[in-house]
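Student: Input: one structure, supplied below.
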Amino acid sequence: MQIEQLETFLDLMETKSFNRTAERLNLTQSSVSARIHTLESLLGKKLFTRSRAGTQPTPAGIRLLDHARSLRHQWNEARRAVQSTGNFDQSLRIGIQHDLASGHIAGWVSGFRTILPKAAFYIDLDFSNQMSIDLLSGELDLSIMFTPKHMPDLHHELVGEVGYRLISSHACRIADIEPQSYVFTRFSPAFEKVHNPLMAELAEAPLSSGQNITVCGLLSSLGGSAFVLEESAEDMVANQGFHYVEDAPRIPQGVYFAMHLRNRHSHVHRRMLESVRKHLLAVRERT
């Protein structure tokens, strides 16, 4: 059995389409079929049925799914474990939500290095959905994210929160904001659940973004109004002539520590989780 066969099987379980899997893996449809056929021959069981209604897994395919995920995860862990880490005892890959990096990455990494002084760290900034995929595959060891993706093999714990505040270069109240001067923000599903009903009249704003650094850059260059992270709001109010919009609430955003289910009781992961939690609490108390 080859890891490529498992990757193809797992993708096909998701797409339920040989054509779509071929596109996603940059293969021909015949190559996808050949990989699945080889896997079926090795296992002695049919894994998929194909009909006019589409491609569906057989009972054997459904039973294989969890094992295939585990095998892929273990393979990626093993592959990274044997790669050179120089003089370090181990190497850890950590994913961090984009909007959390500027205000927290230094504190978190400092804490991680205190816990594991002989480890090498690779930090990757990304969004919650991709980090969840990378955790499942073993490409990441842990991640700090906004939106937990509930999958059978992932474990999430709430470790704190950050907040967003509405600032403006001209408007004092929400009713004073004009659509052409508003940056419609899409930071996360939890944020949008509060934000969108509140700002429904501004939904047709010509500018929108899902990254705090981009929103801050637009406001600094063009002026206008938008929700930004609290620390960004504080700086722009203090130094760039912006002010808080009086009747706009603070919108909280939960921060989650995510890992593969098999690591939920790992001593190292628990210590790193607590380090992230303590840092967020300390920052919140200062503000």
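Letters A, B, ... mark the chains of the structure tokens in the order given; residue numbers begin at 1 per chain; ligand numbers begin at 1, in order shown.
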From a backbone DSSP assignment, name each residue in stretch 220-271 of chain A labelled strand (DSSP E or B), as a list in words.
Tutor: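 DSSP-assigned strand (DSSP E or B) residues in stretch 220-271 of chain A: Ser225, Ala226, Phe227, Val228, Leu229, His243, Tyr244, Ile251, Pro252, Gln253, Gly254, Val255, Tyr256, Phe257, Ala258, Met259 and His260 of chain A.
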Student: Near A:Val255, within 12 Å and counting only C-alpha atoms, which residues show up once chain neighbours fewer than 4 positions away are dropped, as a list in words?
Tutor: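 Skipping anything fewer than 4 positions along the chain leaves Ile96, Gln97, Asp99, Leu100, His104, Ser128, Ser143, Ile144, Met145, Phe146, Thr147, Pro148, His156, Glu157, Leu158, Val159, Gly160, Glu161, Val162, Gly163, Ser188, Ala190, Phe191, Leu273, Val276, Arg277, His279, Leu280 and Leu281 of chain A.
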Student: So which residues touch A:His73 within 7 Å, counting only C-alpha atoms, skipping near sequence neighbours fewer than 6 positions away, as a ChimeraX atom specification?
Tutor: /A:136-138
Student: Kindly indicate which residue among A:Ala238, A:Ala106, A:Leu142, A:Ile94 lies nearest to A:Phe121, using only C-alpha atoms for the distances.
Tutor: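 The closest residue to A:Phe121 is A:Ile94.
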Student: For A:Ile251, please output as a compact mmCIF listing (two decimals) with all heavy atoms, in the first residue's frame all residues within 12 Å (counting only C-alpha atoms; exclusion window: fewer than 2 positions along the same chain).
Tutor:
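Result file selection_39.txt:
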```txt
# COMPACT_ATOMS: atom_id res chain seq x y z
N GLU A 161 -10.34 34.89 24.41
CA GLU A 161 -11.03 35.64 23.36
C GLU A 161 -10.27 36.91 23.05
O GLU A 161 -9.45 37.40 23.83
CB GLU A 161 -12.46 35.96 23.77
CG GLU A 161 -12.58 37.01 24.86
CD GLU A 161 -14.00 37.51 25.05
OE1 GLU A 161 -14.94 36.70 24.99
OE2 GLU A 161 -14.16 38.73 25.27
N VAL A 162 -10.55 37.44 21.86
CA VAL A 162 -10.12 38.78 21.48
C VAL A 162 -11.38 39.55 21.14
O VAL A 162 -12.48 38.99 21.10
CB VAL A 162 -9.14 38.75 20.28
CG1 VAL A 162 -7.84 38.06 20.67
CG2 VAL A 162 -9.77 38.06 19.08
N GLY A 163 -11.25 40.84 20.91
CA GLY A 163 -12.43 41.64 20.60
C GLY A 163 -12.20 42.58 19.44
O GLY A 163 -11.05 42.97 19.15
N TYR A 164 -13.29 42.94 18.76
CA TYR A 164 -13.25 43.90 17.66
C TYR A 164 -14.06 45.13 18.05
O TYR A 164 -15.12 45.03 18.68
CB TYR A 164 -13.83 43.29 16.38
CG TYR A 164 -12.98 42.20 15.76
CD1 TYR A 164 -13.16 40.87 16.14
CD2 TYR A 164 -12.01 42.49 14.83
CE1 TYR A 164 -12.39 39.85 15.57
CE2 TYR A 164 -11.23 41.49 14.26
CZ TYR A 164 -11.43 40.18 14.64
OH TYR A 164 -10.65 39.18 14.09
N ARG A 165 -13.54 46.32 17.67
CA ARG A 165 -14.23 47.57 17.93
C ARG A 165 -14.42 48.33 16.63
O ARG A 165 -13.57 48.29 15.73
CB ARG A 165 -13.41 48.43 18.91
CG ARG A 165 -13.25 47.84 20.30
CD ARG A 165 -14.56 47.83 21.08
NE ARG A 165 -15.17 49.15 21.15
CZ ARG A 165 -14.86 50.08 22.06
NH1 ARG A 165 -13.94 49.80 22.99
NH2 ARG A 165 -15.46 51.24 22.07
N LEU A 166 -15.53 49.05 16.55
CA LEU A 166 -15.84 49.85 15.37
C LEU A 166 -15.25 51.25 15.54
O LEU A 166 -15.58 51.96 16.49
CB LEU A 166 -17.36 49.94 15.17
CG LEU A 166 -17.85 50.76 13.96
CD1 LEU A 166 -17.28 50.22 12.65
CD2 LEU A 166 -19.38 50.75 13.91
N THR A 185 -16.52 43.82 7.06
CA THR A 185 -15.53 42.84 7.52
C THR A 185 -16.13 41.45 7.68
O THR A 185 -17.26 41.29 8.15
CB THR A 185 -14.91 43.30 8.85
OG1 THR A 185 -15.96 43.78 9.71
CG2 THR A 185 -13.92 44.42 8.61
N PHE A 187 -14.50 38.44 9.33
CA PHE A 187 -13.39 37.84 10.05
C PHE A 187 -13.61 36.35 10.37
O PHE A 187 -12.67 35.57 10.35
CB PHE A 187 -13.11 38.61 11.33
CG PHE A 187 -12.64 40.01 11.10
CD1 PHE A 187 -13.32 41.09 11.64
CD2 PHE A 187 -11.51 40.26 10.34
CE1 PHE A 187 -12.88 42.39 11.44
CE2 PHE A 187 -11.05 41.56 10.13
CZ PHE A 187 -11.75 42.63 10.68
N SER A 188 -14.84 35.98 10.70
CA SER A 188 -15.12 34.59 11.06
C SER A 188 -16.64 34.42 11.13
O SER A 188 -17.38 35.41 11.25
CB SER A 188 -14.51 34.23 12.43
OG SER A 188 -15.27 34.82 13.47
N ALA A 190 -18.40 33.37 13.65
CA ALA A 190 -18.88 33.89 14.94
C ALA A 190 -18.97 35.42 14.91
O ALA A 190 -19.93 36.00 15.43
CB ALA A 190 -17.95 33.44 16.06
N PHE A 191 -17.98 36.06 14.32
CA PHE A 191 -18.00 37.52 14.20
C PHE A 191 -19.18 37.96 13.32
O PHE A 191 -19.92 38.88 13.68
CB PHE A 191 -16.68 38.01 13.61
CG PHE A 191 -16.65 39.47 13.29
CD1 PHE A 191 -16.28 40.40 14.25
CD2 PHE A 191 -17.02 39.93 12.03
CE1 PHE A 191 -16.26 41.76 13.97
CE2 PHE A 191 -17.02 41.29 11.74
CZ PHE A 191 -16.64 42.21 12.71
N GLU A 192 -19.35 37.30 12.19
CA GLU A 192 -20.39 37.70 11.25
C GLU A 192 -21.79 37.52 11.84
O GLU A 192 -22.71 38.26 11.49
CB GLU A 192 -20.25 36.90 9.96
CG GLU A 192 -19.01 37.27 9.15
CD GLU A 192 -18.86 36.44 7.89
OE1 GLU A 192 -19.88 36.00 7.33
OE2 GLU A 192 -17.71 36.21 7.47
N LYS A 193 -21.96 36.56 12.73
CA LYS A 193 -23.27 36.33 13.34
C LYS A 193 -23.73 37.55 14.12
O LYS A 193 -24.93 37.85 14.17
CB LYS A 193 -23.19 35.11 14.27
CG LYS A 193 -24.54 34.68 14.84
CD LYS A 193 -24.41 33.42 15.65
CE LYS A 193 -25.76 32.97 16.19
NZ LYS A 193 -25.65 31.70 16.98
N VAL A 194 -22.82 38.27 14.74
CA VAL A 194 -23.15 39.50 15.46
C VAL A 194 -23.10 40.71 14.53
O VAL A 194 -23.99 41.57 14.55
CB VAL A 194 -22.17 39.72 16.64
CG1 VAL A 194 -22.50 41.02 17.37
CG2 VAL A 194 -22.23 38.54 17.60
N HIS A 195 -22.09 40.76 13.70
CA HIS A 195 -21.84 41.93 12.86
C HIS A 195 -22.90 42.14 11.79
O HIS A 195 -23.41 43.26 11.61
CB HIS A 195 -20.46 41.79 12.21
CG HIS A 195 -20.16 42.79 11.15
ND1 HIS A 195 -20.47 42.58 9.81
CD2 HIS A 195 -19.59 44.03 11.21
CE1 HIS A 195 -20.10 43.63 9.11
NE2 HIS A 195 -19.55 44.53 9.93
N ASN A 196 -23.26 41.11 11.06
CA ASN A 196 -24.10 41.29 9.88
C ASN A 196 -25.49 41.85 10.18
O ASN A 196 -25.95 42.76 9.48
CB ASN A 196 -24.18 39.99 9.09
CG ASN A 196 -22.84 39.63 8.46
OD1 ASN A 196 -21.85 40.34 8.63
ND2 ASN A 196 -22.79 38.52 7.74
N LEU A 198 -26.27 43.70 12.71
CA LEU A 198 -26.02 45.04 13.23
C LEU A 198 -25.75 46.04 12.11
O LEU A 198 -26.18 47.19 12.17
CB LEU A 198 -24.82 44.99 14.19
CG LEU A 198 -24.41 46.29 14.88
CD1 LEU A 198 -25.45 46.69 15.92
CD2 LEU A 198 -23.04 46.11 15.54
N PHE A 227 -14.77 47.66 11.68
CA PHE A 227 -14.38 46.94 12.88
C PHE A 227 -12.95 46.45 12.71
O PHE A 227 -12.59 45.88 11.68
CB PHE A 227 -15.30 45.74 13.11
CG PHE A 227 -16.59 46.07 13.81
CD1 PHE A 227 -17.72 46.39 13.08
CD2 PHE A 227 -16.67 46.06 15.20
CE1 PHE A 227 -18.91 46.70 13.72
CE2 PHE A 227 -17.84 46.36 15.85
CZ PHE A 227 -18.98 46.68 15.11
N VAL A 228 -12.14 46.67 13.74
CA VAL A 228 -10.77 46.17 13.77
C VAL A 228 -10.49 45.61 15.16
O VAL A 228 -11.24 45.86 16.11
CB VAL A 228 -9.73 47.27 13.43
CG1 VAL A 228 -9.93 47.79 12.02
CG2 VAL A 228 -9.79 48.42 14.44
N LEU A 229 -9.43 44.82 15.28
CA LEU A 229 -9.07 44.27 16.57
C LEU A 229 -8.84 45.39 17.60
O LEU A 229 -8.39 46.48 17.24
CB LEU A 229 -7.81 43.42 16.45
CG LEU A 229 -7.99 42.03 15.86
CD1 LEU A 229 -6.64 41.41 15.55
CD2 LEU A 229 -8.78 41.12 16.82
N GLU A 230 -9.13 45.10 18.86
CA GLU A 230 -9.05 46.12 19.91
C GLU A 230 -7.70 46.82 19.96
O GLU A 230 -7.63 48.05 20.11
CB GLU A 230 -9.36 45.48 21.26
CG GLU A 230 -10.84 45.21 21.47
CD GLU A 230 -11.11 44.51 22.78
OE1 GLU A 230 -10.46 43.48 23.04
OE2 GLU A 230 -11.98 44.99 23.53
N ALA A 248 -21.74 51.42 18.87
CA ALA A 248 -21.34 50.11 18.36
C ALA A 248 -20.80 49.25 19.49
O ALA A 248 -19.92 49.69 20.24
CB ALA A 248 -20.29 50.27 17.27
N PRO A 249 -21.26 48.02 19.62
CA PRO A 249 -20.77 47.15 20.69
C PRO A 249 -19.40 46.56 20.36
O PRO A 249 -18.98 46.53 19.20
CB PRO A 249 -21.82 46.04 20.74
CG PRO A 249 -22.28 45.95 19.32
CD PRO A 249 -22.28 47.36 18.79
N GLN A 253 -14.55 37.52 20.00
CA GLN A 253 -14.19 36.39 19.13
C GLN A 253 -13.43 35.37 19.96
O GLN A 253 -12.37 35.66 20.51
CB GLN A 253 -13.33 36.86 17.98
CG GLN A 253 -12.70 35.75 17.15
CD GLN A 253 -13.74 34.88 16.48
OE1 GLN A 253 -14.54 35.37 15.69
NE2 GLN A 253 -13.76 33.60 16.81
N GLY A 254 -14.00 34.17 20.08
CA GLY A 254 -13.34 33.10 20.81
C GLY A 254 -12.07 32.64 20.12
O GLY A 254 -11.97 32.66 18.88
```
Student: I need the residues in stretch 78-276 of chain A that are alpha helix (DSSP H) according to DSSP; give them as a ChimeraX atom specification.
Tutor: /A:78-81,98-115,128-137,189-198,212-222,230-239,267-276
Student: Mind checking which residues fall within 12 Å of A:Thr214, counting only C-alpha atoms, ignoring those fewer than 2 positions away in the same chain, and posting them as number ranges by chain?
Tutor: A: 98-99, 183-187, 207-212, 216-222, 226-229, 232
Student: Output N, CA, C and O atoms of each residue in that selection to a file, as a short mmCIF file (atom, residue, chain, number, x, y, z; two decimals), in the first residue's frame.
Tutor:
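Heads up, here's the output in out-v5.cif:
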```
data_model
loop_
_atom_site.label_atom_id
_atom_site.label_comp_id
_atom_site.auth_asym_id
_atom_site.auth_seq_id
_atom_site.Cartn_x
_atom_site.Cartn_y
_atom_site.Cartn_z
N HIS A 98 -4.41 34.22 11.10
CA HIS A 98 -3.78 35.45 10.62
C HIS A 98 -3.94 36.62 11.60
O HIS A 98 -2.97 37.29 11.94
N ASP A 99 -5.17 36.88 12.03
CA ASP A 99 -5.43 38.07 12.84
C ASP A 99 -4.82 38.01 14.23
O ASP A 99 -4.74 39.03 14.92
N VAL A 183 -15.85 49.61 5.41
CA VAL A 183 -15.21 48.36 5.01
C VAL A 183 -15.97 47.23 5.70
O VAL A 183 -15.93 47.11 6.94
N PHE A 184 -16.67 46.45 4.92
CA PHE A 184 -17.49 45.36 5.45
C PHE A 184 -16.57 44.19 5.78
O PHE A 184 -15.89 43.66 4.91
N THR A 185 -16.52 43.82 7.06
CA THR A 185 -15.53 42.84 7.52
C THR A 185 -16.13 41.45 7.68
O THR A 185 -17.26 41.29 8.15
N ARG A 186 -15.34 40.44 7.32
CA ARG A 186 -15.77 39.04 7.37
C ARG A 186 -14.67 38.22 8.04
O ARG A 186 -14.00 37.42 7.41
N PHE A 187 -14.50 38.44 9.33
CA PHE A 187 -13.39 37.84 10.05
C PHE A 187 -13.61 36.35 10.37
O PHE A 187 -12.67 35.57 10.35
N LEU A 207 -16.25 47.86 -0.35
CA LEU A 207 -15.02 47.24 0.12
C LEU A 207 -15.31 46.23 1.22
O LEU A 207 -16.13 46.48 2.10
N SER A 208 -14.66 45.09 1.16
CA SER A 208 -14.79 44.09 2.22
C SER A 208 -13.48 43.33 2.34
O SER A 208 -12.71 43.23 1.39
N SER A 209 -13.24 42.78 3.53
CA SER A 209 -12.01 42.02 3.76
C SER A 209 -12.20 41.13 4.97
O SER A 209 -13.04 41.38 5.83
N GLY A 210 -11.39 40.08 5.03
CA GLY A 210 -11.42 39.17 6.16
C GLY A 210 -10.15 39.17 6.97
O GLY A 210 -9.94 38.29 7.80
N GLN A 211 -9.27 40.17 6.76
CA GLN A 211 -8.01 40.24 7.49
C GLN A 211 -7.88 41.60 8.15
O GLN A 211 -8.02 42.65 7.51
N ASN A 212 -7.56 41.60 9.43
CA ASN A 212 -7.44 42.83 10.19
C ASN A 212 -6.39 43.77 9.61
O ASN A 212 -6.60 44.98 9.50
N CYS A 216 -7.08 47.62 8.41
CA CYS A 216 -6.35 48.76 8.99
C CYS A 216 -5.62 49.55 7.91
O CYS A 216 -5.59 50.79 7.95
N GLY A 217 -5.03 48.86 6.95
CA GLY A 217 -4.35 49.54 5.86
C GLY A 217 -5.30 50.38 5.02
O GLY A 217 -4.97 51.51 4.63
N LEU A 218 -6.48 49.84 4.74
CA LEU A 218 -7.48 50.60 3.97
C LEU A 218 -7.94 51.83 4.73
O LEU A 218 -8.05 52.92 4.16
N LEU A 219 -8.19 51.67 6.03
CA LEU A 219 -8.62 52.82 6.83
C LEU A 219 -7.53 53.89 6.89
O LEU A 219 -7.81 55.09 6.76
N SER A 220 -6.29 53.47 7.08
CA SER A 220 -5.19 54.43 7.17
C SER A 220 -5.02 55.21 5.89
O SER A 220 -4.70 56.41 5.90
N SER A 221 -5.22 54.53 4.76
CA SER A 221 -5.01 55.18 3.46
C SER A 221 -6.21 55.99 2.98
O SER A 221 -6.06 57.07 2.41
N LEU A 222 -7.42 55.44 3.22
CA LEU A 222 -8.62 56.02 2.63
C LEU A 222 -9.54 56.69 3.63
O LEU A 222 -10.47 57.42 3.23
N ALA A 226 -14.76 50.91 10.13
CA ALA A 226 -14.68 49.45 10.09
C ALA A 226 -14.43 48.92 11.49
O ALA A 226 -13.92 49.62 12.37
N PHE A 227 -14.77 47.66 11.68
CA PHE A 227 -14.38 46.94 12.88
C PHE A 227 -12.95 46.45 12.71
O PHE A 227 -12.59 45.88 11.68
N VAL A 228 -12.14 46.67 13.74
CA VAL A 228 -10.77 46.17 13.77
C VAL A 228 -10.49 45.61 15.16
O VAL A 228 -11.24 45.86 16.11
N LEU A 229 -9.43 44.82 15.28
CA LEU A 229 -9.07 44.27 16.57
C LEU A 229 -8.84 45.39 17.60
O LEU A 229 -8.39 46.48 17.24
N SER A 232 -5.57 47.22 17.57
CA SER A 232 -5.45 48.09 16.39
C SER A 232 -6.30 49.34 16.57
O SER A 232 -5.87 50.45 16.22
#
```
Student: Which neighbours of A:Pro152 fall inside 10 Å, counting only C-alpha atoms, when residues of the same chain fewer than 4 positions from it are skipped, and could you give them as a PyMOL selection string?
Tutor: chain A and resi 66+136+260-261
Student: Using only C-alpha atoms, find the one residue out of A:Glu14, A:Glu4, A:Glu274, A:Glu139 that sits nearest to A:Ala34.
Tutor: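 Answer, going by the shortest atom-to-atom distance: A:Glu4.
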Student: Excluding same-chain residues fewer than 5 positions from A:Ser169, what lies within 12 Å of it counting only C-alpha atoms, as a list in words?
Tutor: Asp176, Ile177, Glu178, Ser181, Tyr182, Cys216, Leu218, Leu219, Ser220, Ser221, Leu222, Gly223, Gly224, Ser225, Ala226, Ala233, Met236, Val237, Asn239, Gln240, Gly241, Phe242, His243, Tyr244 and Val245 of chain A
Student: State, in Å with one decimal place, the distance from atom CA of A:Asp124 to atom CA of A:Arg20.
Tutor: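 A separation of 27.9 Å between them.
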Student: Counting only C-alpha atoms, which residue out of A:Arg250, A:His155, A:Lys278, A:His170 sits closest to A:Asn263?
Tutor: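 Once distances to A:Asn263 are computed over only C-alpha atoms, the minimum belongs to A:His155.
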Student: Kindly give the distance, in Å, that separates atom CA of A:Arg286 and atom CA of A:Glu231, rounded to a single decimal.
Tutor: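 So the two atoms, atom CA of A:Arg286 and atom CA of A:Glu231, lie 10.9 Å apart.
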Student: Select, from A:Leu27, A:Leu64, A:Glu204, A:Thr114, the residue with the minimum atom-to-atom distance to A:Leu43, counting only C-alpha atoms.
Tutor: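 Of A:Leu27, A:Leu64, A:Glu204, A:Thr114, the one nearest A:Leu43 is A:Leu64, counting only C-alpha atoms.
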Student: Please, what distance in Å, to one decimal, runs between atom CA of A:Arg50 and atom CA of A:His150?
Tutor: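 We find that atom CA of A:Arg50 and atom CA of A:His150 lie 28.6 Å from each other.
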